[in-house]
$ cat data.tsv   # TSV, C-alpha atoms and all ligand atoms
chain	number	residue	atom	x	y	z
A	1	MET	CA	-2.67	-22.86	41.17
A	2	ARG	CA	-0.04	-21.52	43.63
A	3	LEU	CA	3.60	-22.50	44.11
A	4	LYS	CA	2.80	-24.53	47.23
A	5	ASN	CA	0.34	-26.60	45.20
A	6	CYS	CA	2.86	-27.44	42.47
A	7	LEU	CA	3.76	-31.08	42.90
A	8	ASN	CA	5.20	-31.93	39.50
A	9	PHE	CA	6.30	-30.75	36.06
A	10	HIS	CA	2.72	-30.46	34.81
A	11	ASP	CA	1.67	-28.22	37.72
A	12	PHE	CA	4.61	-25.89	37.13
A	13	ARG	CA	3.81	-25.77	33.43
A	14	THR	CA	0.21	-24.79	34.24
A	15	LEU	CA	1.38	-22.03	36.59
A	16	ALA	CA	3.95	-20.77	34.07
A	17	LYS	CA	1.25	-20.64	31.40
A	18	ARG	CA	-0.90	-18.55	33.69
A	19	ARG	CA	1.90	-16.07	34.47
A	20	LEU	CA	3.62	-15.64	31.10
A	21	PRO	CA	2.44	-13.76	28.02
A	22	GLY	CA	1.40	-16.36	25.44
A	23	PRO	CA	4.31	-15.77	23.01
A	24	ILE	CA	6.88	-16.35	25.78
A	25	PHE	CA	5.14	-19.43	27.15
A	26	ASN	CA	4.98	-20.86	23.64
A	27	TYR	CA	8.66	-20.10	23.03
A	28	ILE	CA	9.53	-22.33	26.01
A	29	ASP	CA	6.86	-24.96	25.50
A	30	GLY	CA	7.08	-25.25	21.73
A	31	ALA	CA	9.37	-27.16	19.40
A	32	ALA	CA	10.10	-27.62	15.68
A	33	ASP	CA	7.68	-28.55	12.86
A	34	ASP	CA	4.98	-30.94	14.12
A	35	GLU	CA	6.65	-31.30	17.54
A	36	VAL	CA	6.89	-35.07	17.04
A	37	THR	CA	10.33	-35.23	18.65
A	38	LEU	CA	9.16	-33.12	21.58
A	39	ARG	CA	6.43	-35.68	22.34
A	40	ARG	CA	8.72	-38.63	21.65
A	41	ASN	CA	11.29	-37.39	24.16
A	42	ALA	CA	8.80	-37.78	27.00
A	43	GLU	CA	7.11	-40.91	25.64
A	44	SER	CA	10.34	-42.84	25.20
A	45	PHE	CA	10.66	-43.28	28.99
A	46	GLU	CA	7.27	-45.00	29.04
A	47	ARG	CA	8.40	-47.81	26.76
A	48	CYS	CA	10.88	-48.89	29.38
A	49	ASP	CA	9.94	-50.52	32.71
A	50	LEU	CA	11.85	-50.62	35.97
A	51	VAL	CA	12.39	-54.01	37.63
A	52	PRO	CA	13.08	-53.49	41.35
A	53	ASN	CA	15.04	-55.64	43.77
A	54	VAL	CA	13.78	-55.62	47.36
A	55	LEU	CA	15.10	-56.24	50.89
A	56	ARG	CA	18.48	-54.67	50.15
A	57	GLY	CA	18.94	-52.53	53.27
A	58	VAL	CA	18.58	-49.10	51.66
A	59	GLN	CA	18.43	-46.82	54.69
A	60	ASP	CA	20.79	-44.25	53.15
A	61	VAL	CA	21.05	-43.46	49.47
A	62	ASP	CA	23.97	-41.68	47.81
A	63	LEU	CA	22.85	-39.65	44.78
A	64	SER	CA	26.23	-38.14	43.97
A	65	VAL	CA	27.99	-38.62	40.63
A	66	THR	CA	31.18	-37.32	39.05
A	67	VAL	CA	30.84	-36.14	35.50
A	68	MET	CA	33.43	-34.34	33.37
A	69	GLY	CA	35.54	-33.95	36.49
A	70	GLN	CA	32.74	-32.25	38.45
A	71	LYS	CA	31.33	-33.85	41.58
A	72	LEU	CA	27.56	-33.35	41.66
A	73	ALA	CA	25.38	-34.04	44.71
A	74	MET	CA	22.60	-35.25	42.40
A	75	PRO	CA	22.76	-36.79	38.92
A	76	VAL	CA	20.78	-33.99	37.23
A	77	TYR	CA	22.13	-30.66	35.97
A	78	CYS	CA	20.40	-27.57	34.60
A	79	SER	CA	21.06	-27.57	30.87
A	80	PRO	CA	21.88	-24.15	29.37
A	81	THR	CA	18.90	-22.26	28.00
A	82	ALA	CA	18.53	-18.88	26.33
A	83	LEU	CA	16.77	-15.68	27.41
A	84	GLN	CA	15.97	-16.60	31.03
A	85	ARG	CA	15.42	-12.95	32.05
A	86	LEU	CA	12.33	-12.97	29.83
A	87	PHE	CA	10.80	-15.82	31.77
A	88	HIS	CA	11.36	-14.26	35.19
A	89	HIS	CA	13.17	-11.07	36.19
A	90	GLN	CA	15.68	-13.08	38.30
A	91	GLY	CA	16.71	-14.97	35.16
A	92	GLU	CA	19.98	-16.94	35.34
A	93	HIS	CA	20.56	-15.80	38.93
A	94	ALA	CA	17.61	-17.89	40.09
A	95	VAL	CA	18.80	-21.00	38.28
A	96	ALA	CA	22.46	-20.70	39.28
A	97	ALA	CA	21.52	-20.08	42.93
A	98	ALA	CA	19.14	-23.04	43.04
A	99	ALA	CA	21.58	-25.38	41.28
A	100	THR	CA	24.35	-24.35	43.68
A	101	LYS	CA	22.06	-24.98	46.65
A	102	PHE	CA	21.43	-28.51	45.39
A	103	GLY	CA	25.11	-29.10	44.67
A	104	THR	CA	24.72	-29.43	40.93
A	105	MET	CA	25.95	-27.95	37.68
A	106	PHE	CA	24.23	-25.29	35.60
A	107	GLY	CA	24.81	-23.90	32.15
A	108	VAL	CA	25.06	-20.33	30.94
A	109	SER	CA	23.94	-19.98	27.34
A	110	SER	CA	25.60	-17.90	24.64
A	111	LEU	CA	22.16	-16.33	24.53
A	112	GLY	CA	22.09	-15.90	28.31
A	113	THR	CA	20.82	-12.66	29.84
A	114	VAL	CA	23.41	-12.41	32.66
A	115	SER	CA	27.13	-12.37	31.97
A	116	LEU	CA	29.05	-15.57	32.55
A	117	GLU	CA	31.52	-13.56	34.68
A	118	ALA	CA	28.80	-12.23	37.00
A	119	ILE	CA	27.36	-15.72	37.46
A	120	ARG	CA	30.82	-17.24	38.05
A	121	LYS	CA	31.59	-14.64	40.73
A	122	GLN	CA	28.35	-15.09	42.63
A	123	TYR	CA	27.67	-18.83	42.60
A	124	SER	CA	30.04	-21.63	43.46
A	125	GLY	CA	28.43	-24.59	41.63
A	126	PRO	CA	30.19	-26.11	38.59
A	127	GLN	CA	29.46	-23.83	35.64
A	128	VAL	CA	29.13	-24.80	32.02
A	129	TYR	CA	29.45	-22.30	29.19
A	130	GLN	CA	27.32	-23.20	26.20
A	131	PHE	CA	28.96	-22.11	23.00
A	132	TYR	CA	27.81	-21.69	19.41
A	133	PHE	CA	30.41	-21.83	16.65
A	134	HIS	CA	30.60	-18.59	14.64
A	135	LYS	CA	31.87	-17.98	11.13
A	136	ASP	CA	34.26	-15.45	12.65
A	137	ARG	CA	37.08	-17.59	14.09
A	138	GLY	CA	38.50	-14.59	15.96
A	139	LEU	CA	35.17	-14.19	17.73
A	140	ASN	CA	35.19	-17.88	18.72
A	141	ARG	CA	38.68	-17.53	20.15
A	142	ALA	CA	37.81	-14.35	22.05
A	143	MET	CA	34.71	-15.93	23.58
A	144	MET	CA	36.60	-19.03	24.67
A	145	GLN	CA	39.31	-16.91	26.22
A	146	ARG	CA	36.66	-14.92	28.07
A	147	ALA	CA	35.14	-18.11	29.49
A	148	LYS	CA	38.57	-19.41	30.50
A	149	THR	CA	39.49	-16.16	32.24
A	150	ALA	CA	36.17	-16.18	34.09
A	151	GLY	CA	36.85	-19.66	35.48
A	152	VAL	CA	34.16	-21.63	33.65
A	153	ASN	CA	34.51	-25.35	34.51
A	154	VAL	CA	33.17	-27.00	31.37
A	155	MET	CA	32.96	-25.85	27.76
A	156	MET	CA	29.84	-27.18	26.01
A	157	LEU	CA	29.64	-26.76	22.24
A	158	THR	CA	26.12	-27.16	20.88
A	159	VAL	CA	26.39	-28.94	17.55
A	160	ASP	CA	22.72	-29.41	16.62
A	161	SER	CA	21.98	-25.75	15.89
A	162	ILE	CA	24.03	-24.65	12.91
A	163	THR	CA	20.77	-23.17	11.69
A	164	GLY	CA	17.58	-22.33	13.60
A	165	GLY	CA	14.76	-24.88	13.95
A	166	ASN	CA	11.36	-24.24	12.34
A	167	ARG	CA	9.35	-23.21	15.39
A	168	GLU	CA	5.92	-22.50	14.05
A	169	ARG	CA	4.43	-21.37	17.35
A	170	ASP	CA	6.95	-18.49	17.33
A	171	LEU	CA	6.15	-17.68	13.72
A	172	ARG	CA	2.46	-17.45	14.58
A	173	THR	CA	2.94	-15.12	17.58
A	174	GLY	CA	5.75	-13.12	16.00
A	175	PHE	CA	8.08	-13.96	18.91
A	176	SER	CA	11.60	-12.75	18.23
A	177	ILE	CA	14.39	-10.82	19.96
A	178	PRO	CA	14.22	-7.83	19.73
A	179	PHE	CA	10.44	-8.06	20.10
A	180	ARG	CA	8.57	-7.72	16.83
A	181	LEU	CA	5.18	-8.98	17.88
A	182	ASN	CA	2.17	-9.07	15.65
A	183	VAL	CA	-1.22	-7.82	16.85
A	184	ALA	CA	-2.21	-11.21	18.30
A	185	GLY	CA	1.10	-11.44	20.15
A	186	LEU	CA	0.80	-7.90	21.52
A	187	THR	CA	-2.69	-8.60	22.78
A	188	GLN	CA	-1.37	-11.56	24.71
A	189	PHE	CA	1.28	-9.37	26.37
A	190	ALA	CA	-1.41	-6.86	27.35
A	191	MET	CA	-3.27	-9.67	29.10
A	192	LYS	CA	-0.39	-10.30	31.55
A	193	PRO	CA	0.20	-6.88	33.18
A	194	SER	CA	2.04	-8.30	36.21
A	195	TRP	CA	4.66	-9.93	33.97
A	196	ALA	CA	4.98	-6.65	32.04
A	197	TRP	CA	5.33	-4.66	35.31
A	198	ASN	CA	8.12	-6.95	36.57
A	199	TYR	CA	9.83	-6.83	33.21
A	200	VAL	CA	9.99	-3.04	33.02
A	201	THR	CA	10.79	-2.41	36.70
A	202	HIS	CA	13.82	-4.73	36.88
A	203	GLU	CA	17.23	-4.84	35.29
A	204	ARG	CA	17.22	-4.17	31.55
A	205	PHE	CA	17.11	-7.14	29.18
A	206	ARG	CA	20.60	-7.78	27.76
A	207	LEU	CA	22.56	-10.51	26.01
A	208	PRO	CA	25.95	-9.90	27.65
A	209	GLN	CA	27.71	-12.90	26.11
A	210	LEU	CA	27.10	-11.43	22.66
A	211	GLU	CA	26.68	-7.70	23.01
A	212	GLU	CA	30.40	-6.95	22.80
A	213	HIS	CA	30.49	-8.69	19.43
A	214	VAL	CA	27.00	-8.41	17.94
A	215	ASP	CA	24.77	-5.35	17.72
A	216	MET	CA	21.38	-6.61	18.91
A	217	SER	CA	19.91	-3.14	19.36
A	218	GLY	CA	17.00	-1.91	17.28
A	219	SER	CA	16.77	-3.81	14.04
A	220	ALA	CA	20.53	-4.36	13.61
A	221	MET	CA	20.37	-8.07	14.38
A	222	SER	CA	17.72	-10.48	15.63
A	223	ILE	CA	18.26	-13.87	17.20
A	224	GLY	CA	16.85	-15.48	14.07
A	225	ARG	CA	19.43	-13.66	11.94
A	226	TYR	CA	22.15	-14.43	14.49
A	227	PHE	CA	21.56	-18.14	13.77
A	228	THR	CA	21.35	-17.79	10.01
A	229	GLU	CA	24.05	-15.17	9.46
A	230	MET	CA	26.64	-15.51	12.21
A	231	LEU	CA	26.79	-19.21	13.00
A	232	ASP	CA	28.84	-21.39	10.72
A	233	PRO	CA	27.01	-24.23	8.96
A	234	ALA	CA	30.34	-25.17	7.38
A	235	MET	CA	31.81	-26.12	10.77
A	236	THR	CA	33.61	-29.48	10.65
A	237	TRP	CA	35.27	-31.94	13.02
A	238	ASP	CA	38.63	-30.29	12.28
A	239	ASP	CA	37.32	-26.95	13.57
A	240	VAL	CA	36.05	-28.57	16.74
A	241	ALA	CA	39.28	-30.53	17.25
A	242	GLN	CA	41.14	-27.22	17.21
A	243	MET	CA	38.73	-25.73	19.76
A	244	VAL	CA	39.19	-28.74	22.03
A	245	ARG	CA	42.96	-28.29	21.86
A	246	GLU	CA	42.74	-24.56	22.54
A	247	TRP	CA	40.36	-25.00	25.49
A	248	ASP	CA	42.59	-27.66	27.01
A	249	GLY	CA	40.10	-28.70	29.69
A	250	GLN	CA	36.68	-30.33	30.12
A	251	PHE	CA	34.97	-30.07	26.74
A	252	CYS	CA	31.69	-31.67	25.70
A	253	LEU	CA	29.55	-31.74	22.59
A	254	LYS	CA	25.80	-31.24	23.02
A	255	GLY	CA	23.61	-32.76	20.36
A	256	ILE	CA	25.54	-35.91	19.40
A	257	MET	CA	23.16	-38.68	18.33
A	258	SER	CA	25.03	-41.22	16.20
A	259	VAL	CA	27.59	-43.82	17.22
A	260	GLU	CA	29.90	-42.58	14.47
A	261	ASP	CA	29.88	-39.04	15.86
A	262	ALA	CA	30.31	-40.30	19.42
A	263	ARG	CA	33.48	-42.13	18.32
A	264	ARG	CA	34.76	-38.99	16.60
A	265	ALA	CA	34.16	-36.97	19.75
A	266	VAL	CA	36.40	-39.44	21.60
A	267	ASP	CA	39.03	-39.26	18.85
A	268	ILE	CA	39.34	-35.47	19.02
A	269	GLY	CA	39.73	-35.51	22.80
A	270	CYS	CA	36.30	-34.45	24.09
A	271	THR	CA	35.62	-35.47	27.69
A	272	GLY	CA	31.83	-35.63	27.37
A	273	ILE	CA	28.94	-35.95	24.93
A	274	ILE	CA	25.30	-35.14	25.47
A	275	LEU	CA	22.73	-37.08	23.50
A	276	SER	CA	20.20	-34.39	22.81
A	277	ASN	CA	17.80	-33.14	20.18
A	278	HIS	CA	17.61	-29.68	21.80
A	279	GLY	CA	14.29	-30.51	23.45
A	280	GLY	CA	12.75	-31.21	20.02
A	281	ARG	CA	13.43	-27.63	18.94
A	282	GLN	CA	15.75	-28.34	16.00
A	283	LEU	CA	15.37	-31.44	13.79
A	284	ASP	CA	11.83	-32.72	14.15
A	285	GLY	CA	11.58	-36.48	13.65
A	286	SER	CA	14.97	-37.08	15.21
A	287	ARG	CA	15.27	-39.86	17.76
A	288	SER	CA	15.15	-39.25	21.49
A	289	GLY	CA	18.40	-39.13	23.43
A	290	PHE	CA	17.05	-41.82	25.74
A	291	ASP	CA	16.38	-44.22	22.84
A	292	GLN	CA	19.96	-43.74	21.55
A	293	LEU	CA	21.60	-44.12	24.92
A	294	ALA	CA	22.31	-47.88	25.12
A	295	GLU	CA	23.91	-48.03	21.67
A	296	ILE	CA	26.21	-45.10	22.36
A	297	VAL	CA	27.15	-46.13	25.90
A	298	ASP	CA	28.10	-49.56	24.51
A	299	ALA	CA	30.29	-47.97	21.83
A	300	VAL	CA	32.13	-45.28	23.81
A	301	GLY	CA	30.92	-45.31	27.44
A	302	ASP	CA	34.28	-46.56	28.74
A	303	ARG	CA	36.18	-43.70	27.07
A	304	ILE	CA	33.99	-40.61	27.49
A	305	ASP	CA	31.24	-39.39	29.83
A	306	VAL	CA	27.89	-39.94	28.14
A	307	MET	CA	24.96	-37.77	29.21
A	308	MET	CA	21.51	-37.20	27.76
A	309	ASP	CA	18.71	-34.66	27.93
A	310	GLY	CA	15.16	-34.32	26.62
A	311	GLY	CA	11.80	-35.12	28.17
A	312	ILE	CA	12.92	-35.65	31.76
A	313	GLN	CA	9.91	-34.94	33.98
A	314	ARG	CA	10.26	-37.46	36.82
A	315	GLY	CA	12.85	-39.02	39.10
A	316	THR	CA	12.11	-42.42	37.56
A	317	HIS	CA	13.10	-41.01	34.13
A	318	VAL	CA	16.47	-40.10	35.60
A	319	LEU	CA	16.84	-43.62	37.04
A	320	LYS	CA	16.10	-45.20	33.67
A	321	ALA	CA	18.75	-43.10	31.92
A	322	LEU	CA	21.34	-43.80	34.61
A	323	SER	CA	20.53	-47.53	34.47
A	324	LEU	CA	21.30	-47.50	30.75
A	325	GLY	CA	24.68	-45.94	31.44
A	326	ALA	CA	24.27	-42.15	31.39
A	327	LYS	CA	26.65	-40.45	33.85
A	328	ALA	CA	24.13	-37.65	34.49
A	329	VAL	CA	21.10	-36.12	32.77
A	330	GLY	CA	20.23	-32.56	31.80
A	331	VAL	CA	16.90	-30.82	32.22
A	332	GLY	CA	15.55	-27.76	30.38
A	333	ARG	CA	11.83	-27.12	30.64
A	334	TYR	CA	11.81	-29.01	33.96
A	335	TYR	CA	13.40	-25.94	35.61
A	336	LEU	CA	12.24	-23.28	33.12
A	337	PHE	CA	8.54	-23.60	33.95
A	338	PRO	CA	9.25	-23.29	37.71
A	339	LEU	CA	11.51	-20.29	36.95
A	340	ALA	CA	8.68	-18.65	35.05
A	341	ALA	CA	6.15	-19.63	37.71
A	342	ALA	CA	8.03	-18.38	40.76
A	343	GLY	CA	11.69	-17.46	40.19
A	344	GLN	CA	14.33	-18.96	42.50
A	345	PRO	CA	11.84	-20.50	45.00
A	346	GLY	CA	10.18	-22.22	42.04
A	347	VAL	CA	13.43	-23.69	40.70
A	348	GLU	CA	14.43	-24.78	44.22
A	349	ARG	CA	11.09	-26.45	44.78
A	350	ALA	CA	11.32	-28.30	41.45
A	351	LEU	CA	14.91	-29.48	42.02
A	352	GLY	CA	13.99	-30.54	45.57
A	353	GLN	CA	11.06	-32.56	44.27
A	354	LEU	CA	13.23	-34.22	41.64
A	355	ARG	CA	15.88	-35.08	44.23
A	356	ASN	CA	13.18	-36.57	46.52
A	357	GLU	CA	11.73	-38.56	43.64
A	358	ILE	CA	15.15	-39.94	42.69
A	359	GLU	CA	15.93	-40.85	46.28
A	360	ARG	CA	12.56	-42.52	46.80
A	361	ALA	CA	12.82	-44.43	43.52
A	362	MET	CA	16.37	-45.60	44.36
A	363	LYS	CA	15.09	-47.00	47.66
A	364	LEU	CA	12.17	-48.70	45.95
A	365	MET	CA	14.58	-50.15	43.37
A	366	GLY	CA	16.86	-51.46	46.13
A	367	CYS	CA	19.87	-49.32	45.14
A	368	ARG	CA	22.08	-47.46	47.61
A	369	SER	CA	24.12	-45.56	45.08
A	370	VAL	CA	23.94	-44.57	41.43
A	371	SER	CA	26.65	-47.11	40.61
A	372	GLU	CA	24.31	-49.94	41.68
A	373	LEU	CA	21.84	-49.05	38.89
A	374	SER	CA	22.25	-51.26	35.84
A	375	ARG	CA	20.44	-52.63	32.81
A	376	GLU	CA	19.43	-55.62	34.96
A	377	ASN	CA	16.89	-53.20	36.41
A	378	LEU	CA	15.24	-52.45	33.07
A	379	ARG	CA	13.02	-54.18	30.54
A	380	PHE	CA	11.89	-52.65	27.24
A	381	ARG	CA	8.42	-53.47	25.94
B	1	LIG	C1	13.39	-22.17	26.01
B	1	LIG	C2	14.59	-23.00	25.71
B	1	LIG	C3	15.78	-22.38	25.36
B	1	LIG	C4	16.92	-23.15	25.08
B	1	LIG	N1	18.10	-22.52	24.79
B	1	LIG	C5	19.22	-23.25	24.55
B	1	LIG	C6	20.46	-22.63	24.26
B	1	LIG	O1	20.58	-21.41	24.26
B	1	LIG	N2	21.52	-23.42	23.97
B	1	LIG	C7	21.44	-24.79	23.99
B	1	LIG	O2	22.43	-25.49	23.71
B	1	LIG	N3	20.27	-25.42	24.28
B	1	LIG	C8	19.17	-24.69	24.55
B	1	LIG	N4	17.99	-25.33	24.84
B	1	LIG	C9	17.96	-26.80	24.92
B	1	LIG	C10	18.22	-27.28	26.35
B	1	LIG	O3	19.54	-27.00	26.75
B	1	LIG	C11	17.98	-28.80	26.47
B	1	LIG	O4	18.74	-29.47	25.50
B	1	LIG	C12	16.51	-29.16	26.31
B	1	LIG	O5	15.67	-28.20	26.89
B	1	LIG	C13	16.23	-30.52	26.96
B	1	LIG	O6	14.91	-30.89	26.78
B	1	LIG	P1	13.77	-30.68	27.91
B	1	LIG	O7	13.36	-29.24	27.84
B	1	LIG	O8	12.70	-31.62	27.50
B	1	LIG	O9	14.39	-31.02	29.25
B	1	LIG	C14	16.84	-24.56	25.12
B	1	LIG	C15	15.63	-25.18	25.48
B	1	LIG	C16	14.52	-24.43	25.77
B	1	LIG	C17	13.25	-25.12	26.17

$ encode --input "data.tsv" --output "structure tokens" --more "lines below"
Ligand SMILES: Cc1cc2nc3c(=O)[nH]c(=O)nc-3n(C[C@H](O)[C@H](O)[C@H](O)COP(=O)(O)O)c2cc1C
Amino acid sequence: MRLKNCLNFHDFRTLAKRRLPGPIFNYIDGAADDEVTLRRNAESFERCDLVPNVLRGVQDVDLSVTVMGQKLAMPVYCSPTALQRLFHHQGEHAVAAAATKFGTMFGVSSLGTVSLEAIRKQYSGPQVYQFYFHKDRGLNRAMMQRAKTAGVNVMMLTVDSITGGNRERDLRTGFSIPFRLNVAGLTQFAMKPSWAWNYVTHERFRLPQLEEHVDMSGSAMSIGRYFTEMLDPAMTWDDVAQMVREWDGQFCLKGIMSVEDARRAVDIGCTGIILSNHGGRQLDGSRSGFDQLAEIVDAVGDRIDVMMDGGIQRGTHVLKALSLGAKAVGVGRYYLFPLAAAGQPGVERALGQLRNEIERAMKLMGCRSVSELSRENLRFR
């Protein structure tokens, strides 16, 4: 399998699997517990059918949307993900460059491997900073100030990760940062010498969003301990309301799933919510964002921008979510496997394919713009 033969998500996943050491591939591919939610995320789109209208004169199709004040040329953004430098030596640079080329938004994770300032300086696309809430309130304030000074467009607080998910694939391989692989894991690294060569001959692995505040060298702190020791499971709506006030700009919560929480997000002044179960990596057995969408759009869709992520693998999945009322959708593994497979050209190819699929599906549905998509176009089984 070569890049030019990759036609869809599954092809990129196959190529990524071939290129990456097993523990890293499984870190991306895997999820929590029995991975029920991971599977459900993708399956939920299959329980919903599209009902097209024809003969509508759809020569030109407008894919643009405006979400949280950002105008996007396509209704899909690259959701923030951790550790991208491990997947390909270009890391976040590849994703930010590709997203900017396609006129869309990208996220930089708190666990990102390039600094949010460096990314902001180099790429012009709308940039999200994904934030975790720490016990240390001073640290939270300092990090927000840093993002503000850098010119980040949207603050995204992830609220589904106050403790780490039970990812058994990682426990089996010994995957952790810093690396503490077991013998089986090490053997798998030895089997991918070209990945290892690229890793050691390019820029050093760093976590620049955190390194000023957290000592991740040696055995001082691991990502697992970062989640259990530094993040604040006691965080409440009052804490978030204060953050929203301090940020005083576009602020969204990632990982909202209930109508009650969606209403609270509106009440405290958030401008967006993302229905998400973290790609199935946190609470296994939780519902898919897509399945929750209609209920939440009905409750708050006229007061806040509702987005979703999880399981998007095709342009028609995007159309289904937009038809239910999502303003835009996020993708994670959809761009991570292409990143791992081929760096920036991989991410560009994947985003280009998704854009083509959305455009083709819009034409086949008889819709000239995203605003023409509606629930009239859907039937659930
Ligand atoms: C390898 C990997 C790392 C991730 N890291 C983060 C992160 O640091 N912060 C965050 O809020 N979400 C993170 N996510 C979740 C994604 O932002 C997104 O919610 C999820 O991947 C969507 O599901 P999908 O992969 O099926 O598209 C990560 C997901 C993956 C697969």

$ closest_residue --input "data.tsv" --among "A:Trp237, A:Phe205, A:Phe87, A:Trp247" --to "ligand LIG 1 (chain B)" --atoms "all atoms listed in the file"
A:Phe87

$ closest_residue --input "data.tsv" --among "A:Ala262, A:Ala196, A:Met144, A:Met1" --to "Lys17 (chain A)" --atoms "only C-alpha atoms"
A:Met1

$ residues_near_ligand --input "data.tsv" --ligand "ligand LIG 1 (chain B)" --cutoff "6 Å" --atoms "all atoms listed in the file" --output "ChimeraX atom specification"
/A:27-28,79-82,109,111,130,158,276,278-279,309-312,331-334

$ atom_distance --input "data.tsv" --atom1 "CA of Pro233 (chain A)" --atom2 "CA of Thr163 (chain A)"
6.9 Å

$ residues_near_point --input "data.tsv" --point "(8.5, -38.6, 22.6)" --cutoff "9 Å" --atoms "only C-alpha atoms" --output "NGL selection string"
:A and (36-45 or 280 or 287-288 or 310-311)

$ residues_around --input "data.tsv" --residues "Gly151 (chain A)" --least-positions-apart "3" --cutoff "8 Å" --atoms "all atoms listed in the file" --output "PyMOL selection string"
chain A and resi 120+147-148

$ axis_aligned_box --input "data.tsv" --around "region 78-81 of chain A" --padding-each-side "4 Å" --output "JSON"
{"center_x": 20.4, "center_y": -24.9, "center_z": 31.3, "size_x": 11.0, "size_y": 13.3, "size_z": 14.6}

$ residues_around --input "data.tsv" --residues "region 351-354 of chain A" --least-positions-apart "4" --cutoff "8 Å" --atoms "only C-alpha atoms" --output "list in words"
Leu7, Asn8, Ala98, Ala99, Phe102, Arg314, Gly315, Tyr335, Val347 and Ile358 of chain A

$ closest_residue --input "data.tsv" --among "A:Arg355, A:Arg381, A:Arg85, A:His93" --to "Ile24 (chain A)" --atoms "only C-alpha atoms"
A:Arg85

$ build_atoms --input "data.tsv" --residues "region 367-371 of chain A" --atoms "all heavy atoms" --output "PDB file, in the coordinates of the input"
ATOM      1  N   CYS A 367      18.506 -49.778  45.494  1.00  0.00           N
ATOM      2  CA  CYS A 367      19.870 -49.320  45.140  1.00  0.00           C
ATOM      3  C   CYS A 367      20.340 -48.255  46.119  1.00  0.00           C
ATOM      4  O   CYS A 367      19.629 -47.279  46.369  1.00  0.00           O
ATOM      5  CB  CYS A 367      19.873 -48.712  43.742  1.00  0.00           C
ATOM      6  SG  CYS A 367      19.591 -49.938  42.465  1.00  0.00           S
ATOM      7  N   ARG A 368      21.547 -48.432  46.648  1.00  0.00           N
ATOM      8  CA  ARG A 368      22.080 -47.460  47.610  1.00  0.00           C
ATOM      9  C   ARG A 368      22.879 -46.356  46.942  1.00  0.00           C
ATOM     10  O   ARG A 368      23.106 -45.308  47.514  1.00  0.00           O
ATOM     11  CB  ARG A 368      22.963 -48.168  48.636  1.00  0.00           C
ATOM     12  CG  ARG A 368      22.165 -48.818  49.751  1.00  0.00           C
ATOM     13  CD  ARG A 368      23.011 -49.815  50.456  1.00  0.00           C
ATOM     14  NE  ARG A 368      23.475 -50.814  49.489  1.00  0.00           N
ATOM     15  CZ  ARG A 368      23.978 -51.989  49.809  1.00  0.00           C
ATOM     16  NH1 ARG A 368      24.108 -52.324  51.049  1.00  0.00           N
ATOM     17  NH2 ARG A 368      24.364 -52.843  48.876  1.00  0.00           N
ATOM     18  N   SER A 369      23.362 -46.618  45.766  1.00  0.00           N
ATOM     19  CA  SER A 369      24.120 -45.560  45.080  1.00  0.00           C
ATOM     20  C   SER A 369      23.861 -45.678  43.568  1.00  0.00           C
ATOM     21  O   SER A 369      23.420 -46.734  43.081  1.00  0.00           O
ATOM     22  CB  SER A 369      25.608 -45.678  45.365  1.00  0.00           C
ATOM     23  OG  SER A 369      26.102 -46.817  44.715  1.00  0.00           O
ATOM     24  N   VAL A 370      24.184 -44.607  42.871  1.00  0.00           N
ATOM     25  CA  VAL A 370      23.940 -44.570  41.430  1.00  0.00           C
ATOM     26  C   VAL A 370      24.682 -45.714  40.732  1.00  0.00           C
ATOM     27  O   VAL A 370      24.180 -46.316  39.777  1.00  0.00           O
ATOM     28  CB  VAL A 370      24.346 -43.187  40.863  1.00  0.00           C
ATOM     29  CG1 VAL A 370      24.344 -43.178  39.356  1.00  0.00           C
ATOM     30  CG2 VAL A 370      23.430 -42.100  41.419  1.00  0.00           C
ATOM     31  N   SER A 371      25.849 -46.058  41.260  1.00  0.00           N
ATOM     32  CA  SER A 371      26.650 -47.110  40.610  1.00  0.00           C
ATOM     33  C   SER A 371      25.975 -48.489  40.691  1.00  0.00           C
ATOM     34  O   SER A 371      26.341 -49.402  39.954  1.00  0.00           O
ATOM     35  CB  SER A 371      28.054 -47.163  41.211  1.00  0.00           C
ATOM     36  OG  SER A 371      27.945 -47.465  42.581  1.00  0.00           O
TER      37      SER A 371
END
